[in-house]
Number of protein chains: 2
Amino acid sequence: MTTSEVTQKGLAARAAAQQLALASTQTKNDALARIAAALDKNAKTIIQANSLDLEAGDKKGLSKALLDRLALDGERIAGMIAGLNAVKGLPDPIGEVSGERQRPNGLKIRKVRVPLGVIGIIYEARPNVTVDSAALCLKAGNAVILRGGSDAIKSNLELVRAIAGAVEAAGLPAGSVQLIEDTRRETAEELMGAREYIDVLIPRGGNSLIQSVVRNAKVPVIETGEGNCHAYVEKTADLKKAVEIVYNAKVSRPSVCNAIETLLVDNAIAAEFLPLVKQRLDEAKVELRGDARSQQILAGIKTASEDDWRTEFLALILAVKVVAGVDEAIAHINKYGTKHSETIITKDKKAAAKFQAEVDAAAVYVNASTRFTDGFEFGLGAEIGISTQKLHARGPMGLAELTSYKYLVDGNGQIRI
Amino acid sequence: MTTSEVTQKGLAARAAAQQLALASTQTKNDALARIAAALDKNAKTIIQANSLDLEAGDKKGLSKALLDRLALDGERIAGMIAGLNAVKGLPDPIGEVSGERQRPNGLKIRKVRVPLGVIGIIYEARPNVTVDSAALCLKAGNAVILRGGSDAIKSNLELVRAIAGAVEAAGLPAGSVQLIEDTRRETAEELMGAREYIDVLIPRGGNSLIQSVVRNAKVPVIETGEGNCHAYVEKTADLKKAVEIVYNAKVSRPSVCNAIETLLVDNAIAAEFLPLVKQRLDEAKVELRGDARSQQILAGIKTASEDDWRTEFLALILAVKVVAGVDEAIAHINKYGTKHSETIITKDKKAAAKFQAEVDAAAVYVNASTRFTDGFEFGLGAEIGISTQKLHARGPMGLAELTSYKYLVDGNGQIRI
């Protein structure tokens with residue numbers, strides 16, 4: 001009987017995780033520094049391997065956008081190295097005592113932060129995810145099993161070769177960072193079921209990848225990334241600020257999850273605001289799709305379908321709906337949103353408080369762009385993804401979100417009566 | 001097209017959850033008080049319904065232990081009422097600000113505790129779980145969908161009728177607490193897949209129930225309860241204390257998850273300790289199953305099989321193994337344990353620290369019985385289960401573990417550049 005790659009690497013990861021949980025901050029930082037140096041030293045080999053991936057992707061007919069995400073050059077490797085150094089500079093979350101209490105029977109109970117253990121990352125053809133994920137998992141004391149897309153396999157093999165070598169040179173087990181080399185779907189499915197070896201799976205990529213992991217995994221999953229976000233311009237809003245917030249939230253980077261997809265406008269100001277915001281959005285050629293009322297105001301814009309309210313366009317398209325007030329805005333968001341990021345633009349403190357209390361999302365803004373939902377912008381120093389579920393972690397996930405805790409209980413002979 | 005019970009109740013629960021998230025502490029406490037009063041008032045009807053369940057269970061040939069768990073009488077209903085009052089007295093976790101920071105761009109970010117939303121509980125034939133779960137979910141602002149075993153359906157129907165009436169009388173939606181009345185397996189499976197309606201599923205019951213939920217659910221699950229726990233008597237241990245801790249951890253309630261199943265003894269003291277502990281355990285007729293070395297010392301005890309090291313006996317059976325020292329003890333526990341509760345009995349502070357650092361479990365004790373792993377004993381004031389996974393919550397889960405958080409971000413026109 002042959003042992004599968006997942007079993008083999010799963011066992012190695014479990015063993016590595018035991019050592020990593022005990023590794024000092026200094027050792028982990030040393031490993032990160034060595035990874036950075038190894039990427040620098042092996043940049044040429046990595047870029048060569050990447051060019052083979054790009055060639056194959058081109059032949060296969062990958063889109064320009066996908067090929068761009070896949071491509072590595074000196075600048076992008078420098079970006080990875082900068083990322084490694086940033087993670088190295090972050091405080092080590094492990095060992096932090098987050099609670100301590102003495103019970104009447106004399107038992108002393110401490111709640112101490114520990115690593116999650118073994119983290120599985122399933123992702124697509126972005127080689128920077130390989131390095132980012134390895135760095136964050138390592139710093140939080142976790143072993144990681146990476147399963148990247150087949151289109152990036154040659155790049156990932158070179159990257160992980162360099163990373164694992166550096167990790168070993170720092171005195172940590174090579175099993176700390178491993179790549180699943182078999183890119184067939186069956187192997188990904190085996191990984192999703194490997195509860196004995198993996199404590200949590202984090203899918204990183206497009207919605208279909210994430211949904212496939214969420215639906216198929218037996219291992220606990222943190223769902224990330226889908227963002228059907230809204231901006232609601234309330235009737236007391238500063239319209240100039242509102243125009244700029246809406247423009248920023250839609251246009252500054254339309255392909256990301258914290259960009260808005262629908263604009264909700266209070267009926268009382270719709271006739272004044274919609275032409276203003278359209279004029280600004282026209283500069284970026286944003287296509288508007290409106291409900292009947294906004295079509296009355298903005299003659300000639302397309303009709304928004306029921307589907308449009310549900311769609312994460314990830315493009316320069318914005319659905320527009322006129323609402324009667326904050327209640328209708330909240331109801332629309334809670335019906336169609338993905339619990340990611342939502343913003344109200346208003347001068348009315350009561351409306352703002354109501355919106356923040358009642359909208360069910362990871363981040364609820366008042367008078368700011370949704371584009372700030374991000375680990376760096378939130379001051380977490382790093383980000384492995386943005387959780388849209390409520391279990392374990394919500395919103396941007398940094399190092400602390402890659403940890404668990406254990407209770408240490410000290411007694412002097414206590415028994416339970 | 002007819003709407004299924006799960007869809008119907010799922011929609012009602014989602015709607016109820018929106019209202020519950022905003023309910024004041026006073027309203028929630030009022031609901032708990034009204035539930036307590038309703039159970040008191042309807043005690044006779046509830047006990048009558050329960051006697052029908054018991055009759056059917058008896059005909060069906062349910063074991064005595066199962067029938068005992070199913071049975072309700074005045075005393076057990078008084079116990080439920082006491083539980084409701086205890087939960088009423090606990091601080092409300094919702095709204096707590098657990099973090100606040102101002103970013104350089106002026107954005108003020110608050111991390112605020114919110115309910116999880118809709119919680120699904122899948123359990124067996126213990127009607128007290130119906131009331132406990134409803135109380136805890138409600139106090140933490142969550143709607144709950146209960147799916148109890150078919151053997152308790154008549155009892156549960158009466159209990160939930162009383163609960164839902166009381167909840168409505170307190171001004172909260174009846175959808176706050178609902179019971180799935182169709183006890184077929186297909187309906188449980190539909191519930192496990194109802195990601196649109198349920199934020200988290202908590203299975204409560206035996207290991208086969210829990211494993212079936214963990215393996216089949218598409219909704220995020222918190223795995224609870226399986227406890228293959230160990231006591232390790234290190235060579236410097238106070239042997240008298242060690243005897244009492246082992247006795248307590250095995251004998252005081254063998255059917256629960258925080259009881260021990262294996263005793264590990266340091267070789268240096270095995271010849272002295274094993275006869276002592278056997279003498280004490282004999283008082284409760286505990287069956288010992290030993291490895292070769294302990295069989296040499298305790299002539300006549302059975303042989304422990306490889307399976308015995310993995311088994312949660314939940315009975316007066318204890319596997320016994322002699323180990324060379326703390327390293328072997330830790331390795332054995334990390335190989336066979338279920339990450340629940342583990343204890344070392346020792347006077348050596350270094351051995352204690354090593355054991356606590358390296359044993360991978362929710363609660364790691366020094367010189368105390370594992371039986372303390374419990375929400376009440378830990379001072380959480382309540383317990384909905386003991387998590388043996390690392391995601392979201394570990395160890396005893398009280399009210400705080402039934403919550404999530406959201407980020408509230410206040411700005412004055414910030415856009416991301």
# chains A, B, ... in the order shown; residues from 1 in each chain; ligands from 1

call {"tool": "closest_atom_pairs", "arguments": {"of": "region 17-58 of chain B", "to": "region 96-116 of chain B", "cutoff": "10 Å", "atoms": "only C-alpha atoms", "output": "Markdown table"}}
result
| residue | atom | partner | partner_atom | distance |
| --- | --- | --- | --- | --- |
| B:Ala17 | CA | B:Pro115 | CA | 8.4 |
| B:Gln18 | CA | B:Pro115 | CA | 9.6 |
| B:Leu20 | CA | B:Pro115 | CA | 8.5 |
| B:Ala21 | CA | B:Pro115 | CA | 6.2 |
| B:Leu22 | CA | B:Val114 | CA | 9.3 |

call {"tool": "write_last_selection", "arguments": {"atoms": "C-alpha atoms", "output": "JSON list (two decimals), in the first residue's frame"}}
result
[["chain", "number", "residue", "atom", "x", "y", "z"],
["B", 17, "ALA", "CA", -32.21, 36.88, 14.77],
["B", 18, "GLN", "CA", -32.29, 40.41, 13.37],
["B", 20, "LEU", "CA", -32.86, 39.49, 18.86],
["B", 21, "ALA", "CA", -29.53, 41.11, 18.01],
["B", 22, "LEU", "CA", -31.07, 44.44, 19.01]]

call {"tool": "residues_around", "arguments": {"residues": "region 210-218 of chain B", "least_positions_apart": "2", "cutoff": "7 Å", "atoms": "only C-alpha atoms", "output": "JSON, numbers by chain"}}
result
{"A": [214, 215, 218], "B": [192, 193, 195, 203, 204, 205, 206, 207, 208, 220, 221, 223]}

call {"tool": "interface_residues", "arguments": {"of": "chain B", "to": "chain A", "cutoff": "6 Å", "atoms": "only C-alpha atoms", "output": "ChimeraX atom specification"}}
result
/B:215,218,241,245,362-369,390-392,404,406-415

call {"tool": "write_last_selection", "arguments": {"atoms": "C-alpha atoms", "output": "PDB file, in the first residue's frame"}}
result
ATOM      1  CA  ARG B 215     -18.859  14.720   8.355  1.00  0.00           C
ATOM      2  CA  LYS B 218     -22.043  22.212   5.093  1.00  0.00           C
ATOM      3  CA  LYS B 241      -2.671  13.078  46.029  1.00  0.00           C
ATOM      4  CA  ILE B 245      -6.883  12.595  41.613  1.00  0.00           C
ATOM      5  CA  ALA B 362      -8.204  22.322  25.476  1.00  0.00           C
ATOM      6  CA  ALA B 363      -7.372  22.079  29.195  1.00  0.00           C
ATOM      7  CA  VAL B 364      -4.038  20.941  30.588  1.00  0.00           C
ATOM      8  CA  TYR B 365      -3.932  20.457  34.350  1.00  0.00           C
ATOM      9  CA  VAL B 366      -1.191  20.229  36.936  1.00  0.00           C
ATOM     10  CA  ASN B 367      -2.085  18.386  40.164  1.00  0.00           C
ATOM     11  CA  ALA B 368      -5.842  18.454  39.693  1.00  0.00           C
ATOM     12  CA  SER B 369      -8.601  16.232  38.363  1.00  0.00           C
ATOM     13  CA  LYS B 390      -9.373  24.748  17.775  1.00  0.00           C
ATOM     14  CA  LEU B 391     -11.453  26.983  15.564  1.00  0.00           C
ATOM     15  CA  HIS B 392     -13.638  29.648  17.231  1.00  0.00           C
ATOM     16  CA  SER B 404     -19.087  36.880  17.062  1.00  0.00           C
ATOM     17  CA  LYS B 406     -18.253  43.210  13.934  1.00  0.00           C
ATOM     18  CA  TYR B 407     -16.094  46.219  13.194  1.00  0.00           C
ATOM     19  CA  LEU B 408     -17.734  49.638  13.406  1.00  0.00           C
ATOM     20  CA  VAL B 409     -15.705  52.208  11.519  1.00  0.00           C
ATOM     21  CA  ASP B 410     -16.383  55.926  11.880  1.00  0.00           C
ATOM     22  CA  GLY B 411     -14.972  58.467   9.468  1.00  0.00           C
ATOM     23  CA  ASN B 412     -15.496  61.946   8.139  1.00  0.00           C
ATOM     24  CA  GLY B 413     -15.115  61.369   4.426  1.00  0.00           C
ATOM     25  CA  GLN B 414     -12.042  59.112   4.275  1.00  0.00           C
ATOM     26  CA  ILE B 415     -11.268  57.511   0.931  1.00  0.00           C
TER      27      ILE B 415
END

call {"tool": "residues_around", "arguments": {"residues": "region 42-48 of chain B", "least_positions_apart": "5", "cutoff": "9 Å", "atoms": "only C-alpha atoms", "output": "PyMOL selection string"}}
result
chain B and resi 37+53+71-74+77+154-159+162

call {"tool": "write_last_selection", "arguments": {"atoms": "C-alpha atoms", "output": "mmCIF file, in the first residue's frame"}}
result
data_model
loop_
_atom_site.group_PDB
_atom_site.id
_atom_site.type_symbol
_atom_site.label_atom_id
_atom_site.label_comp_id
_atom_site.auth_asym_id
_atom_site.auth_seq_id
_atom_site.Cartn_x
_atom_site.Cartn_y
_atom_site.Cartn_z
ATOM 1 C CA ALA B 37 -42.749 30.615 34.740
ATOM 2 C CA ASP B 53 -42.151 9.339 25.037
ATOM 3 C CA ALA B 71 -37.275 11.045 31.833
ATOM 4 C CA LEU B 72 -38.723 14.273 33.257
ATOM 5 C CA ASP B 73 -40.268 14.781 36.679
ATOM 6 C CA GLY B 74 -40.964 17.702 38.966
ATOM 7 C CA ILE B 77 -38.219 20.607 35.669
ATOM 8 C CA LYS B 154 -43.469 14.718 22.428
ATOM 9 C CA SER B 155 -41.566 16.186 25.382
ATOM 10 C CA ASN B 156 -39.765 18.656 23.131
ATOM 11 C CA LEU B 157 -42.978 19.772 21.440
ATOM 12 C CA GLU B 158 -44.489 20.672 24.801
ATOM 13 C CA LEU B 159 -41.305 22.333 26.043
ATOM 14 C CA ALA B 162 -44.151 26.759 26.408
#

call {"tool": "closest_residue", "arguments": {"among": "B:Leu298, B:Ala270, B:Val277, B:Ala304", "to": "Val322 (chain B)", "atoms": "only C-alpha atoms"}}
result
B:Ala270

call {"tool": "residues_around", "arguments": {"residues": "Gly337 (chain B)", "least_positions_apart": "3", "cutoff": "7 Å", "atoms": "only C-alpha atoms", "output": "NGL selection string"}}
result
:B and (228-229 or 333-334)

call {"tool": "atom_distance", "arguments": {"atom1": "CA of Ile153 (chain B)", "atom2": "CA of Asn50 (chain B)"}}
result
8.7 Å

call {"tool": "atom_distance", "arguments": {"atom1": "CA of Gly300 (chain B)", "atom2": "CA of Pro275 (chain B)"}}
result
12.1 Å

call {"tool": "select_by_dssp", "arguments": {"residues": "region 326-363 of chain A", "states": "strand (DSSP E or B)", "output": "MDAnalysis selection string"}}
result
chainID A and resid 341:345 363

call {"tool": "write_last_selection", "arguments": {"atoms": "N, CA and C atoms", "output": "short mmCIF file (atom, residue, chain, number, x, y, z; two decimals), in the first residue's frame"}}
result
data_model
loop_
_atom_site.label_atom_id
_atom_site.label_comp_id
_atom_site.auth_asym_id
_atom_site.auth_seq_id
_atom_site.Cartn_x
_atom_site.Cartn_y
_atom_site.Cartn_z
N SER A 341 -18.63 44.40 3.76
CA SER A 341 -18.42 45.79 4.15
C SER A 341 -19.54 46.67 3.61
N GLU A 342 -20.05 47.55 4.45
CA GLU A 342 -21.19 48.39 4.08
C GLU A 342 -20.94 49.77 4.64
N THR A 343 -21.38 50.81 3.91
CA THR A 343 -21.18 52.16 4.43
C THR A 343 -22.43 53.03 4.28
N ILE A 344 -22.61 53.91 5.25
CA ILE A 344 -23.66 54.93 5.17
C ILE A 344 -22.97 56.29 5.13
N ILE A 345 -23.48 57.17 4.27
CA ILE A 345 -22.97 58.54 4.28
C ILE A 345 -24.12 59.40 4.80
N ALA A 363 -17.73 44.66 8.56
CA ALA A 363 -17.31 46.04 8.79
C ALA A 363 -18.43 46.98 8.34
#

call {"tool": "decode", "arguments": {"residues": "region 213-224 of chain B", "atoms": "N, CA and C atoms", "output": "PDB file, in the first residue's frame"}}
result
ATOM      1  N   VAL B 213     -22.526  14.633  12.257  1.00  0.00           N
ATOM      2  CA  VAL B 213     -22.739  16.049  11.941  1.00  0.00           C
ATOM      3  C   VAL B 213     -21.474  16.655  11.326  1.00  0.00           C
ATOM      4  N   VAL B 214     -20.335  16.367  11.955  1.00  0.00           N
ATOM      5  CA  VAL B 214     -19.068  16.909  11.466  1.00  0.00           C
ATOM      6  C   VAL B 214     -18.817  16.494  10.017  1.00  0.00           C
ATOM      7  N   ARG B 215     -19.141  15.246   9.698  1.00  0.00           N
ATOM      8  CA  ARG B 215     -18.859  14.720   8.355  1.00  0.00           C
ATOM      9  C   ARG B 215     -19.876  15.196   7.324  1.00  0.00           C
ATOM     10  N   ASN B 216     -21.100  15.461   7.750  1.00  0.00           N
ATOM     11  CA  ASN B 216     -22.143  15.752   6.767  1.00  0.00           C
ATOM     12  C   ASN B 216     -22.504  17.221   6.625  1.00  0.00           C
ATOM     13  N   ALA B 217     -22.148  18.033   7.604  1.00  0.00           N
ATOM     14  CA  ALA B 217     -22.636  19.410   7.588  1.00  0.00           C
ATOM     15  C   ALA B 217     -21.898  20.266   6.571  1.00  0.00           C
ATOM     16  N   LYS B 218     -22.636  21.158   5.921  1.00  0.00           N
ATOM     17  CA  LYS B 218     -22.043  22.212   5.093  1.00  0.00           C
ATOM     18  C   LYS B 218     -22.005  23.511   5.900  1.00  0.00           C
ATOM     19  N   VAL B 219     -22.848  23.581   6.907  1.00  0.00           N
ATOM     20  CA  VAL B 219     -22.857  24.718   7.818  1.00  0.00           C
ATOM     21  C   VAL B 219     -21.644  24.565   8.742  1.00  0.00           C
ATOM     22  N   PRO B 220     -20.980  25.661   9.140  1.00  0.00           N
ATOM     23  CA  PRO B 220     -19.874  25.525  10.093  1.00  0.00           C
ATOM     24  C   PRO B 220     -20.331  24.836  11.376  1.00  0.00           C
ATOM     25  N   VAL B 221     -19.505  23.926  11.874  1.00  0.00           N
ATOM     26  CA  VAL B 221     -19.849  23.124  13.048  1.00  0.00           C
ATOM     27  C   VAL B 221     -18.841  23.388  14.167  1.00  0.00           C
ATOM     28  N   ILE B 222     -19.308  23.386  15.397  1.00  0.00           N
ATOM     29  CA  ILE B 222     -18.375  23.299  16.518  1.00  0.00           C
ATOM     30  C   ILE B 222     -18.451  21.879  17.063  1.00  0.00           C
ATOM     31  N   GLU B 223     -17.312  21.196  16.966  1.00  0.00           N
ATOM     32  CA  GLU B 223     -17.244  19.806  17.408  1.00  0.00           C
ATOM     33  C   GLU B 223     -17.095  19.794  18.925  1.00  0.00           C
ATOM     34  N   THR B 224     -17.935  19.000  19.585  1.00  0.00           N
ATOM     35  CA  THR B 224     -17.893  18.987  21.040  1.00  0.00           C
ATOM     36  C   THR B 224     -17.739  17.574  21.565  1.00  0.00           C
TER      37      THR B 224
END
